[in-house]
file data22.cif (mmCIF, C-alpha atoms (C1' of nucleotides))
data_upload
#
loop_
_atom_site.label_atom_id
_atom_site.label_comp_id
_atom_site.auth_asym_id
_atom_site.auth_seq_id
_atom_site.Cartn_x
_atom_site.Cartn_y
_atom_site.Cartn_z
CA MET A 224 19.01 0.64 84.38
CA GLU A 225 19.13 0.15 88.14
CA ASP A 226 16.31 -0.96 90.39
CA GLN A 227 13.79 -2.77 88.24
CA LYS A 228 13.88 -5.85 90.45
CA SER A 229 15.49 -6.83 93.70
CA ALA A 230 18.76 -8.29 92.48
CA PRO A 231 20.68 -10.64 94.74
CA ARG A 232 23.97 -9.65 96.32
CA CYS A 233 26.97 -11.87 96.30
CA GLU A 234 30.33 -11.04 97.71
CA PHE A 235 32.21 -10.59 94.46
CA LEU A 236 30.98 -7.64 92.53
CA PHE A 237 31.07 -4.68 94.82
CA VAL A 238 34.45 -5.53 96.13
CA HIS A 239 35.61 -4.36 92.71
CA GLN A 240 34.02 -1.02 92.07
CA ASP A 241 36.48 -0.49 89.23
CA VAL A 242 34.92 -3.35 87.26
CA VAL A 243 31.48 -1.89 87.79
CA ASP A 244 32.68 1.46 86.54
CA GLN A 245 34.36 -0.12 83.55
CA VAL A 246 31.21 -2.00 82.57
CA ASN A 247 29.04 1.06 82.95
CA ARG A 248 31.46 3.06 80.84
CA ALA A 249 31.66 0.51 78.06
CA MET A 250 27.99 -0.50 77.98
CA PRO A 251 26.05 1.23 75.20
CA GLY A 252 22.92 3.14 76.11
CA GLU A 253 19.63 1.48 76.91
CA GLU A 254 18.14 2.52 73.56
CA GLU A 255 21.08 1.44 71.43
CA LEU A 256 21.01 -1.99 73.05
CA PHE A 257 17.31 -2.28 72.43
CA ASP A 258 17.68 -1.30 68.77
CA LEU A 259 20.55 -3.74 68.35
CA ALA A 260 18.45 -6.59 69.70
CA GLU A 261 15.57 -5.52 67.47
CA LEU A 262 17.87 -5.63 64.45
CA PHE A 263 19.07 -9.13 65.22
CA LYS A 264 15.50 -10.22 65.83
CA ILE A 265 14.83 -9.46 62.18
CA PHE A 266 17.62 -11.81 61.11
CA GLY A 267 16.38 -14.41 63.56
CA ASP A 268 13.87 -15.99 61.21
CA SER A 269 14.86 -18.32 58.41
CA THR A 270 12.18 -17.09 56.04
CA ARG A 271 13.54 -13.56 56.26
CA VAL A 272 17.11 -14.79 55.97
CA ARG A 273 16.18 -16.76 52.86
CA ILE A 274 14.49 -13.72 51.35
CA LEU A 275 17.63 -11.68 51.92
CA TYR A 276 19.80 -14.35 50.30
CA VAL A 277 17.53 -14.33 47.27
CA LEU A 278 17.85 -10.57 47.03
CA PHE A 279 21.62 -10.85 47.11
CA GLU A 280 21.41 -12.26 43.62
CA ALA A 281 18.84 -9.99 42.02
CA GLU A 282 16.07 -7.51 42.56
CA MET A 283 12.86 -9.50 42.52
CA CYS A 284 9.09 -9.20 42.77
CA VAL A 285 7.03 -10.62 45.61
CA CYS A 286 5.55 -13.37 43.53
CA ASP A 287 8.93 -14.61 42.36
CA ILE A 288 10.35 -14.70 45.84
CA ALA A 289 7.35 -16.69 46.98
CA GLN A 290 7.81 -19.12 44.12
CA LEU A 291 11.54 -19.50 44.68
CA LEU A 292 11.06 -20.21 48.36
CA GLY A 293 7.97 -22.35 47.93
CA MET A 294 5.87 -20.13 50.16
CA THR A 295 2.65 -18.17 50.05
CA GLN A 296 2.52 -14.70 48.52
CA SER A 297 0.93 -13.49 51.72
CA ALA A 298 3.62 -14.91 53.96
CA ILE A 299 6.35 -13.35 51.86
CA SER A 300 4.58 -10.02 51.65
CA HIS A 301 4.18 -9.89 55.42
CA GLN A 302 7.86 -10.57 55.93
CA LEU A 303 8.83 -8.03 53.29
CA GLN A 304 6.90 -5.43 55.27
CA VAL A 305 8.94 -6.37 58.33
CA LEU A 306 12.17 -6.05 56.35
CA LYS A 307 10.96 -2.76 54.89
CA LYS A 308 10.15 -1.30 58.32
CA SER A 309 13.67 -2.17 59.44
CA LYS A 310 15.14 -0.48 56.37
CA LEU A 311 16.81 -3.69 55.27
CA VAL A 312 15.12 -3.75 51.88
CA LYS A 313 13.82 -1.11 49.53
CA TYR A 314 11.26 -1.38 46.78
CA ARG A 315 10.40 0.00 43.39
CA ARG A 316 7.01 -0.12 41.75
CA GLU A 317 6.65 -0.94 38.09
CA GLY A 318 3.08 -1.18 36.99
CA LYS A 319 1.32 -3.88 38.94
CA THR A 320 4.45 -5.47 40.29
CA VAL A 321 6.75 -4.33 43.08
CA PHE A 322 10.44 -5.12 42.94
CA TYR A 323 12.33 -5.52 46.18
CA SER A 324 16.06 -5.20 46.68
CA LEU A 325 18.58 -4.87 49.48
CA ALA A 326 18.71 -1.47 51.15
CA ASP A 327 22.47 -1.44 51.70
CA ASP A 328 25.61 -3.52 51.97
CA HIS A 329 25.49 -3.76 55.75
CA VAL A 330 22.91 -6.49 55.37
CA ARG A 331 25.35 -8.71 53.55
CA ALA A 332 28.14 -7.93 56.02
CA ILE A 333 25.98 -8.88 58.98
CA LEU A 334 24.81 -12.13 57.44
CA ASP A 335 28.36 -13.03 56.38
CA GLN A 336 29.65 -12.41 59.87
CA GLY A 337 26.99 -14.69 61.31
CA MET A 338 27.57 -17.34 58.67
CA GLU A 339 31.24 -17.39 59.59
CA HIS A 340 30.29 -18.43 63.09
CA VAL A 341 27.82 -21.04 61.90
CA THR A 342 30.06 -22.80 59.38
CA GLU A 343 33.18 -22.94 61.48
CA MET B 252 12.97 -26.57 49.24
CA GLU B 253 10.35 -26.85 46.53
CA ASP B 254 6.69 -27.72 46.92
CA GLN B 255 5.71 -27.01 50.52
CA LYS B 256 2.82 -24.80 49.47
CA SER B 257 1.15 -23.82 46.26
CA ALA B 258 3.12 -20.75 45.29
CA PRO B 259 1.65 -18.25 42.86
CA ARG B 260 3.01 -17.83 39.37
CA CYS B 261 3.70 -14.48 37.83
CA GLU B 262 5.15 -13.89 34.44
CA PHE B 263 8.59 -12.68 35.51
CA LEU B 264 10.57 -15.40 37.13
CA PHE B 265 10.60 -18.32 34.80
CA VAL B 266 11.29 -16.18 31.82
CA HIS B 267 14.73 -15.90 33.36
CA GLN B 268 15.86 -19.40 34.19
CA ASP B 269 19.40 -18.09 34.55
CA VAL B 270 18.38 -16.04 37.59
CA VAL B 271 16.72 -19.06 39.15
CA ASP B 272 19.87 -21.07 38.62
CA GLN B 273 22.03 -18.31 40.03
CA VAL B 274 19.90 -18.05 43.16
CA ASN B 275 19.90 -21.80 43.69
CA ARG B 276 23.65 -21.89 43.25
CA ALA B 277 24.34 -19.06 45.68
CA MET B 278 21.75 -19.99 48.31
CA PRO B 279 23.27 -21.84 51.26
CA GLY B 280 21.78 -25.17 52.26
CA GLU B 281 18.54 -25.50 54.17
CA GLU B 282 20.37 -26.44 57.37
CA GLU B 283 22.94 -23.66 57.22
CA LEU B 284 20.17 -21.12 56.77
CA PHE B 285 18.28 -22.53 59.70
CA ASP B 286 21.35 -22.45 61.93
CA LEU B 287 22.10 -18.90 60.85
CA ALA B 288 18.62 -17.77 61.79
CA GLU B 289 18.92 -19.62 65.11
CA LEU B 290 22.17 -17.81 65.82
CA PHE B 291 20.67 -14.39 65.17
CA LYS B 292 17.66 -15.31 67.27
CA ILE B 293 20.04 -15.56 70.23
CA PHE B 294 21.20 -12.00 69.65
CA GLY B 295 17.62 -10.87 69.20
CA ASP B 296 16.93 -10.28 72.88
CA SER B 297 18.20 -7.27 74.75
CA THR B 298 18.79 -9.15 77.98
CA ARG B 299 21.14 -11.54 76.24
CA VAL B 300 22.82 -8.70 74.37
CA ARG B 301 23.35 -6.86 77.64
CA ILE B 302 24.83 -9.97 79.23
CA LEU B 303 27.27 -10.28 76.37
CA TYR B 304 28.29 -6.64 76.66
CA VAL B 305 28.96 -7.15 80.36
CA LEU B 306 31.13 -10.15 79.57
CA PHE B 307 33.13 -8.07 77.10
CA GLU B 308 34.60 -6.29 80.10
CA ALA B 309 35.26 -9.15 82.46
CA GLU B 310 34.50 -12.73 83.35
CA MET B 311 31.68 -12.59 85.87
CA CYS B 312 29.49 -14.73 88.10
CA VAL B 313 25.73 -15.09 87.65
CA CYS B 314 24.91 -13.08 90.72
CA ASP B 315 27.02 -10.12 89.62
CA ILE B 316 25.54 -10.05 86.15
CA ALA B 317 22.09 -10.04 87.71
CA GLN B 318 23.05 -7.18 89.98
CA LEU B 319 24.66 -5.14 87.20
CA LEU B 320 21.63 -5.51 84.97
CA GLY B 321 19.08 -5.13 87.75
CA MET B 322 17.49 -8.47 87.03
CA THR B 323 16.63 -11.68 88.83
CA GLN B 324 19.24 -14.39 89.31
CA SER B 325 16.82 -16.84 87.76
CA ALA B 326 16.21 -14.79 84.65
CA ILE B 327 19.94 -14.34 84.10
CA SER B 328 20.66 -18.00 84.71
CA HIS B 329 18.03 -19.05 82.20
CA GLN B 330 19.51 -16.77 79.57
CA LEU B 331 23.02 -17.94 80.35
CA GLN B 332 21.87 -21.48 79.63
CA VAL B 333 20.61 -20.29 76.26
CA LEU B 334 23.93 -18.60 75.54
CA LYS B 335 25.77 -21.71 76.72
CA LYS B 336 23.77 -24.02 74.47
CA SER B 337 24.67 -21.79 71.52
CA LYS B 338 28.35 -21.92 72.47
CA LEU B 339 28.49 -18.15 72.82
CA VAL B 340 29.68 -18.24 76.42
CA LYS B 341 31.75 -20.66 78.45
CA TYR B 342 31.91 -21.13 82.19
CA ARG B 343 34.30 -22.05 84.94
CA ARG B 344 33.31 -23.27 88.37
CA GLU B 345 35.12 -22.00 91.45
CA GLY B 346 33.62 -23.32 94.63
CA LYS B 347 30.03 -22.25 94.90
CA THR B 348 30.20 -19.66 92.20
CA VAL B 349 30.27 -20.07 88.42
CA PHE B 350 32.13 -17.58 86.27
CA TYR B 351 30.92 -16.96 82.76
CA SER B 352 32.93 -15.52 79.90
CA LEU B 353 32.73 -15.13 76.15
CA ALA B 354 33.36 -18.28 74.15
CA ASP B 355 35.22 -16.59 71.30
CA ASP B 356 35.85 -13.34 69.47
CA HIS B 357 33.19 -13.96 66.84
CA VAL B 358 30.63 -12.82 69.36
CA ARG B 359 32.14 -9.39 69.54
CA ALA B 360 32.55 -9.19 65.77
CA ILE B 361 28.89 -10.02 65.20
CA LEU B 362 27.63 -7.50 67.73
CA ASP B 363 29.96 -4.81 66.38
CA GLN B 364 28.73 -5.42 62.87
CA GLY B 365 25.15 -5.05 64.00
CA MET B 366 25.92 -1.99 66.07
CA GLU B 367 27.43 -0.34 63.02
CA HIS B 368 24.08 -0.62 61.29
CA VAL B 369 22.16 0.65 64.29
CA THR B 370 24.24 3.73 65.04
CA GLU B 371 24.62 4.96 61.49
"C1'" DC C 103 -16.50 1.08 34.51
"C1'" DT C 104 -15.44 -3.65 35.06
"C1'" DT C 105 -12.21 -7.26 35.21
"C1'" DT C 106 -7.76 -9.05 36.09
"C1'" DC C 107 -3.48 -9.46 38.18
"C1'" DA C 108 0.19 -8.26 41.77
"C1'" DT C 109 0.57 -6.90 46.23
"C1'" DA C 110 -0.87 -5.43 50.97
"C1'" DT C 111 -3.22 -6.07 55.16
"C1'" DG C 112 -6.23 -7.35 59.17
"C1'" DA C 113 -8.06 -11.02 62.09
"C1'" DG C 114 -7.44 -15.44 63.95
"C1'" DC C 115 -4.68 -19.19 65.61
"C1'" DA C 116 -0.95 -22.10 67.04
"C1'" DT C 117 3.73 -21.82 68.51
"C1'" DT C 118 7.55 -19.77 70.62
"C1'" DT C 119 9.63 -16.88 73.99
"C1'" DG C 120 11.06 -14.43 78.41
"C1'" DT C 121 10.07 -13.88 82.95
"C1'" DT C 122 8.52 -15.30 87.64
"C1'" DC C 123 7.96 -18.40 91.39
"C1'" DA C 124 9.08 -22.36 93.78
"C1'" DT C 125 12.29 -25.73 94.34
"C1'" DA C 126 16.29 -28.66 93.25
"C1'" DT C 127 21.33 -29.29 92.83
"C1'" DG C 128 25.93 -28.54 94.19
"C1'" DT C 129 29.65 -26.84 97.13
"C1'" DA C 130 31.68 -25.18 101.26
"C1'" DT C 131 31.47 -24.30 106.31
"C1'" DT C 132 30.34 -25.49 110.92
"C1'" DA D 198 24.92 -34.30 109.28
"C1'" DA D 199 23.07 -29.67 109.06
"C1'" DT D 200 23.13 -25.11 107.30
"C1'" DA D 201 24.08 -21.47 104.13
"C1'" DC D 202 24.93 -19.72 99.78
"C1'" DA D 203 25.40 -19.70 94.47
"C1'" DT D 204 23.38 -21.55 90.68
"C1'" DA D 205 20.15 -24.41 87.86
"C1'" DT D 206 15.74 -25.86 86.48
"C1'" DG D 207 10.76 -26.99 85.75
"C1'" DA D 208 6.01 -25.34 85.53
"C1'" DA D 209 3.06 -21.63 84.56
"C1'" DC D 210 1.67 -17.50 82.34
"C1'" DA D 211 1.64 -13.43 79.49
"C1'" DA D 212 3.42 -11.44 75.42
"C1'" DA D 213 5.29 -11.70 70.90
"C1'" DT D 214 5.70 -14.06 66.51
"C1'" DG D 215 4.75 -16.30 61.85
"C1'" DC D 216 1.58 -18.29 59.10
"C1'" DT D 217 -3.17 -18.77 56.92
"C1'" DC D 218 -7.37 -17.17 55.16
"C1'" DA D 219 -10.21 -13.76 53.44
"C1'" DT D 220 -10.34 -9.43 51.66
"C1'" DA D 221 -8.69 -4.76 50.41
"C1'" DT D 222 -5.85 -1.71 47.54
"C1'" DG D 223 -3.71 -0.27 43.29
"C1'" DA D 224 -2.60 -0.44 38.51
"C1'" DA D 225 -3.25 -1.92 33.80
"C1'" DA D 226 -6.23 -3.81 30.05
"C1'" DG D 227 -10.50 -4.67 27.97
#
call {"tool": "encode", "arguments": {"input": "data22.cif", "output": "structure tokens"}}
result
Amino acid sequence: MEDQKSAPRCEFLFVHQDVVDQVNRAMPGEEELFDLAELFKIFGDSTRVRILYVLFEAEMCVCDIAQLLGMTQSAISHQLQVLKKSKLVKYRREGKTVFYSLADDHVRAILDQGMEHVTE
Amino acid sequence: MEDQKSAPRCEFLFVHQDVVDQVNRAMPGEEELFDLAELFKIFGDSTRVRILYVLFEAEMCVCDIAQLLGMTQSAISHQLQVLKKSKLVKYRREGKTVFYSLADDHVRAILDQGMEHVTE
DNA sequence: CTTTCATATGAGCATTTGTTCATATGTATT
DNA sequence: AATACATATGAACAAATGCTCATATGAAAG
């Protein structure tokens, strides 16, 4: 995580090597940080957030979600694939229809935490 | 939130009007959902996440953040403006340099919650 | 086997996003 | 006033993103 670009040098930082060490100790690894950002990216779209809120209430098929949100089946299906890839939702096939539901309770916890910040 | 697009109609949903009602009752308002997605969008970039992790350890000037993350002063400054607009960081001017710090503890709580999901 | 219905998916397109580069602003020092 | 240094900012560009449209897949019913 060092020399990707020529970073400027001001007088402050390297007077305090202890701060540098502390940051480097506390900072999660490159990959964890990337994954974390990727996770939040998923929540960073209101269509996906709305889908998740719908699924809080009940397991539901693609068509119903589309109808509830007033959006195309295709648009919803695409986003469900995104949510599926990120393991945020799971699905269950029953004949022609596929029922989606939340993968785990973390999803709710994350959204609640964010909502707390928004509605304050 | 109704008729933006012609949504398909499958047999399931409107057999169960109670589910529809329940969803509509529980679903936050259009604006809250938008703001929530906007908030998560901010966290959905690893540069910004890394900046926030740096600021967990200490208040720091733009130049030092850039140096610690091996990035351009300009890139960091741009992202700090984004974080500032979202009220996630605050700043304090001291002569030529500007020190940035976290705006509140929600920031940490949100990142921790996400990290829990990532590292499981 | 053909049709129908629910869902998935690929290509195309417009929009958004993150970085770079050049330059502007703001503050202190001489 | 002139210079130097820290930061901010606008334009430009490449990459990523979300939707649409057309079409493919998969499962049940005729």
call {"tool": "residues_around", "arguments": {"input": "data22.cif", "residues": "Gln240 in chain A", "least_positions_apart": "5", "cutoff": "12 Å", "atoms": "all atoms listed in the file", "output": "list in words"}}
result
Phe235, Gln245, Val246 and Asn247 of chain A; Asp315 and Leu319 of chain B
call {"tool": "write_last_selection", "arguments": {"input": "data22.cif", "atoms": "C-alpha atoms", "output": "CSV table (one decimal), in the frame of the given file"}}
result
chain,number,residue,atom,x,y,z
A,235,PHE,CA,32.2,-10.6,94.5
A,245,GLN,CA,34.4,-0.1,83.6
A,246,VAL,CA,31.2,-2.0,82.6
A,247,ASN,CA,29.0,1.1,83.0
B,315,ASP,CA,27.0,-10.1,89.6
B,319,LEU,CA,24.7,-5.1,87.2
call {"tool": "closest_residue", "arguments": {"input": "data22.cif", "among": "A:Gln304, A:Thr320, A:Thr342, A:Gln290", "to": "chain D", "atoms": "all atoms listed in the file"}}
result
A:Thr320
call {"tool": "resolve_selection", "arguments": {"input": "data22.cif", "expression": "the PyMOL selection byres ((chain A and resi 278) around 10)", "output": "VMD selection string"}}
result
(chain A and resid 272 to 277 279 to 284 288 312 323 to 325) or (chain B and resid 274)
call {"tool": "closest_atom_pairs", "arguments": {"input": "data22.cif", "of": "chain B", "to": "chain D", "cutoff": "12 Å", "atoms": "all atoms listed in the file", "output": "tab-separated table"}}
result
residue	atom	partner	partner_atom	distance
B:Lys256	CA	D:DT217	C1'	11.3
B:Asp296	CA	D:DA213	C1'	11.9
B:Cys312	CA	D:DA203	C1'	9.1
B:Val313	CA	D:DT204	C1'	7.5
B:Cys314	CA	D:DA203	C1'	7.6
B:Asp315	CA	D:DA203	C1'	10.9
B:Ala317	CA	D:DT204	C1'	12.0
B:Gln324	CA	D:DT204	C1'	8.4
B:Ser325	CA	D:DA205	C1'	8.3
B:Ala326	CA	D:DA205	C1'	10.9
B:Ile327	CA	D:DT204	C1'	10.3
B:Ser328	CA	D:DA205	C1'	7.2
B:His329	CA	D:DA205	C1'	8.1
B:Gln330	CA	D:DA205	C1'	11.3
B:Leu331	CA	D:DA205	C1'	10.3
B:Gln332	CA	D:DA205	C1'	8.9
B:Arg344	CA	D:DT204	C1'	10.3
B:Glu345	CA	D:DA203	C1'	10.4
B:Gly346	CA	D:DA203	C1'	9.0
B:Lys347	CA	D:DA203	C1'	5.3
B:Thr348	CA	D:DA203	C1'	5.3
B:Val349	CA	D:DT204	C1'	7.4
B:Phe350	CA	D:DT204	C1'	10.6
B:Tyr351	CA	D:DT204	C1'	11.9
call {"tool": "closest_residue", "arguments": {"input": "data22.cif", "among": "B:Leu320, B:Arg276, B:Val333, B:Val270", "to": "chain C", "atoms": "only C-alpha atoms (C1' of nucleotides)"}}
result
B:Val333
call {"tool": "atom_distance", "arguments": {"input": "data22.cif", "atom1": "CA of Phe263 in chain A", "atom2": "CA of Glu281 in chain B"}}
result
19.8 Å
call {"tool": "resolve_selection", "arguments": {"input": "data22.cif", "expression": "the PyMOL selection byres ((chain C) within 9 of (chain B))", "output": "PyMOL selection string"}}
result
chain C and resi 107-108+120-122+128-130
call {"tool": "atom_distance", "arguments": {"input": "data22.cif", "atom1": "CA of Val358 in chain B", "atom2": "CA of Glu261 in chain A"}}
result
16.8 Å
call {"tool": "calpha_fit_and_write", "arguments": {"input": "data22.cif", "fixed": "chain A", "moving": "chain B", "output": "CSV table (one decimal) with C-alpha atoms, keeping the file's coordinate frame"}}
result
chain,number,residue,atom,x,y,z
B,252,MET,CA,19.1,0.7,84.3
B,253,GLU,CA,19.2,0.2,88.1
B,254,ASP,CA,16.4,-1.0,90.4
B,255,GLN,CA,13.8,-2.8,88.2
B,256,LYS,CA,13.9,-5.8,90.4
B,257,SER,CA,15.5,-6.8,93.7
B,258,ALA,CA,18.7,-8.3,92.5
B,259,PRO,CA,20.7,-10.7,94.7
B,260,ARG,CA,23.9,-9.6,96.3
B,261,CYS,CA,27.0,-11.9,96.3
B,262,GLU,CA,30.3,-11.0,97.7
B,263,PHE,CA,32.2,-10.5,94.5
B,264,LEU,CA,31.0,-7.6,92.5
B,265,PHE,CA,31.1,-4.6,94.8
B,266,VAL,CA,34.5,-5.5,96.1
B,267,HIS,CA,35.6,-4.4,92.7
B,268,GLN,CA,34.0,-1.0,92.0
B,269,ASP,CA,36.5,-0.5,89.2
B,270,VAL,CA,34.9,-3.3,87.2
B,271,VAL,CA,31.5,-1.9,87.8
B,272,ASP,CA,32.7,1.5,86.5
B,273,GLN,CA,34.3,-0.1,83.5
B,274,VAL,CA,31.2,-2.0,82.6
B,275,ASN,CA,29.0,1.1,82.9
B,276,ARG,CA,31.5,3.1,80.8
B,277,ALA,CA,31.6,0.5,78.0
B,278,MET,CA,28.0,-0.5,78.0
B,279,PRO,CA,26.0,1.2,75.2
B,280,GLY,CA,22.9,3.1,76.1
B,281,GLU,CA,19.6,1.5,76.9
B,282,GLU,CA,18.1,2.5,73.5
B,283,GLU,CA,21.1,1.4,71.4
B,284,LEU,CA,21.0,-2.0,73.1
B,285,PHE,CA,17.3,-2.3,72.4
B,286,ASP,CA,17.7,-1.3,68.8
B,287,LEU,CA,20.5,-3.8,68.4
B,288,ALA,CA,18.4,-6.6,69.7
B,289,GLU,CA,15.6,-5.5,67.5
B,290,LEU,CA,17.9,-5.7,64.5
B,291,PHE,CA,19.1,-9.2,65.2
B,292,LYS,CA,15.5,-10.3,65.8
B,293,ILE,CA,14.8,-9.5,62.2
B,294,PHE,CA,17.6,-11.8,61.1
B,295,GLY,CA,16.4,-14.4,63.6
B,296,ASP,CA,13.9,-16.0,61.2
B,297,SER,CA,14.9,-18.3,58.4
B,298,THR,CA,12.2,-17.1,56.0
B,299,ARG,CA,13.5,-13.6,56.3
B,300,VAL,CA,17.1,-14.8,56.0
B,301,ARG,CA,16.2,-16.8,52.9
B,302,ILE,CA,14.5,-13.7,51.4
B,303,LEU,CA,17.6,-11.7,51.9
B,304,TYR,CA,19.8,-14.3,50.3
B,305,VAL,CA,17.5,-14.3,47.3
B,306,LEU,CA,17.8,-10.6,47.0
B,307,PHE,CA,21.6,-10.9,47.1
B,308,GLU,CA,21.4,-12.3,43.6
B,309,ALA,CA,18.9,-10.0,42.0
B,310,GLU,CA,16.1,-7.5,42.6
B,311,MET,CA,12.9,-9.5,42.6
B,312,CYS,CA,9.1,-9.2,42.8
B,313,VAL,CA,7.0,-10.6,45.6
B,314,CYS,CA,5.5,-13.3,43.5
B,315,ASP,CA,8.9,-14.6,42.4
B,316,ILE,CA,10.4,-14.7,45.8
B,317,ALA,CA,7.3,-16.7,46.9
B,318,GLN,CA,7.8,-19.1,44.1
B,319,LEU,CA,11.5,-19.5,44.7
B,320,LEU,CA,11.1,-20.2,48.3
B,321,GLY,CA,7.9,-22.3,47.9
B,322,MET,CA,5.9,-20.1,50.1
B,323,THR,CA,2.6,-18.2,50.0
B,324,GLN,CA,2.5,-14.7,48.5
B,325,SER,CA,0.9,-13.5,51.7
B,326,ALA,CA,3.6,-14.9,54.0
B,327,ILE,CA,6.3,-13.3,51.8
B,328,SER,CA,4.6,-10.0,51.7
B,329,HIS,CA,4.2,-9.9,55.4
B,330,GLN,CA,7.9,-10.6,55.9
B,331,LEU,CA,8.8,-8.0,53.3
B,332,GLN,CA,6.9,-5.4,55.3
B,333,VAL,CA,9.0,-6.4,58.3
B,334,LEU,CA,12.2,-6.1,56.4
B,335,LYS,CA,11.0,-2.8,54.9
B,336,LYS,CA,10.1,-1.3,58.3
B,337,SER,CA,13.7,-2.2,59.5
B,338,LYS,CA,15.1,-0.5,56.4
B,339,LEU,CA,16.8,-3.7,55.3
B,340,VAL,CA,15.1,-3.8,51.9
B,341,LYS,CA,13.8,-1.1,49.6
B,342,TYR,CA,11.3,-1.4,46.8
B,343,ARG,CA,10.4,0.0,43.4
B,344,ARG,CA,7.0,-0.1,41.8
B,345,GLU,CA,6.7,-0.9,38.1
B,346,GLY,CA,3.1,-1.2,37.0
B,347,LYS,CA,1.3,-3.9,39.0
B,348,THR,CA,4.5,-5.5,40.3
B,349,VAL,CA,6.8,-4.3,43.1
B,350,PHE,CA,10.5,-5.1,43.0
B,351,TYR,CA,12.3,-5.5,46.2
B,352,SER,CA,16.1,-5.2,46.7
B,353,LEU,CA,18.6,-4.9,49.5
B,354,ALA,CA,18.7,-1.5,51.2
B,355,ASP,CA,22.5,-1.4,51.7
B,356,ASP,CA,25.6,-3.5,52.0
B,357,HIS,CA,25.5,-3.8,55.8
B,358,VAL,CA,22.9,-6.5,55.4
B,359,ARG,CA,25.3,-8.7,53.6
B,360,ALA,CA,28.1,-7.9,56.0
B,361,ILE,CA,26.0,-8.9,59.0
B,362,LEU,CA,24.8,-12.1,57.4
B,363,ASP,CA,28.4,-13.0,56.4
B,364,GLN,CA,29.6,-12.4,59.9
B,365,GLY,CA,27.0,-14.7,61.3
B,366,MET,CA,27.6,-17.3,58.7
B,367,GLU,CA,31.3,-17.4,59.6
B,368,HIS,CA,30.3,-18.4,63.1
B,369,VAL,CA,27.8,-21.0,61.9
B,370,THR,CA,30.1,-22.8,59.4
B,371,GLU,CA,33.2,-23.0,61.5
call {"tool": "closest_residue", "arguments": {"input": "data22.cif", "among": "B:Lys335, B:Ile361, B:His267, B:Glu371", "to": "Ala260 in chain A", "atoms": "all atoms listed in the file"}}
result
B:Ile361
call {"tool": "closest_residue", "arguments": {"input": "data22.cif", "among": "A:Glu254, A:Asp335, A:Lys264, A:Arg271", "to": "chain B", "atoms": "all atoms listed in the file"}}
result
A:Lys264
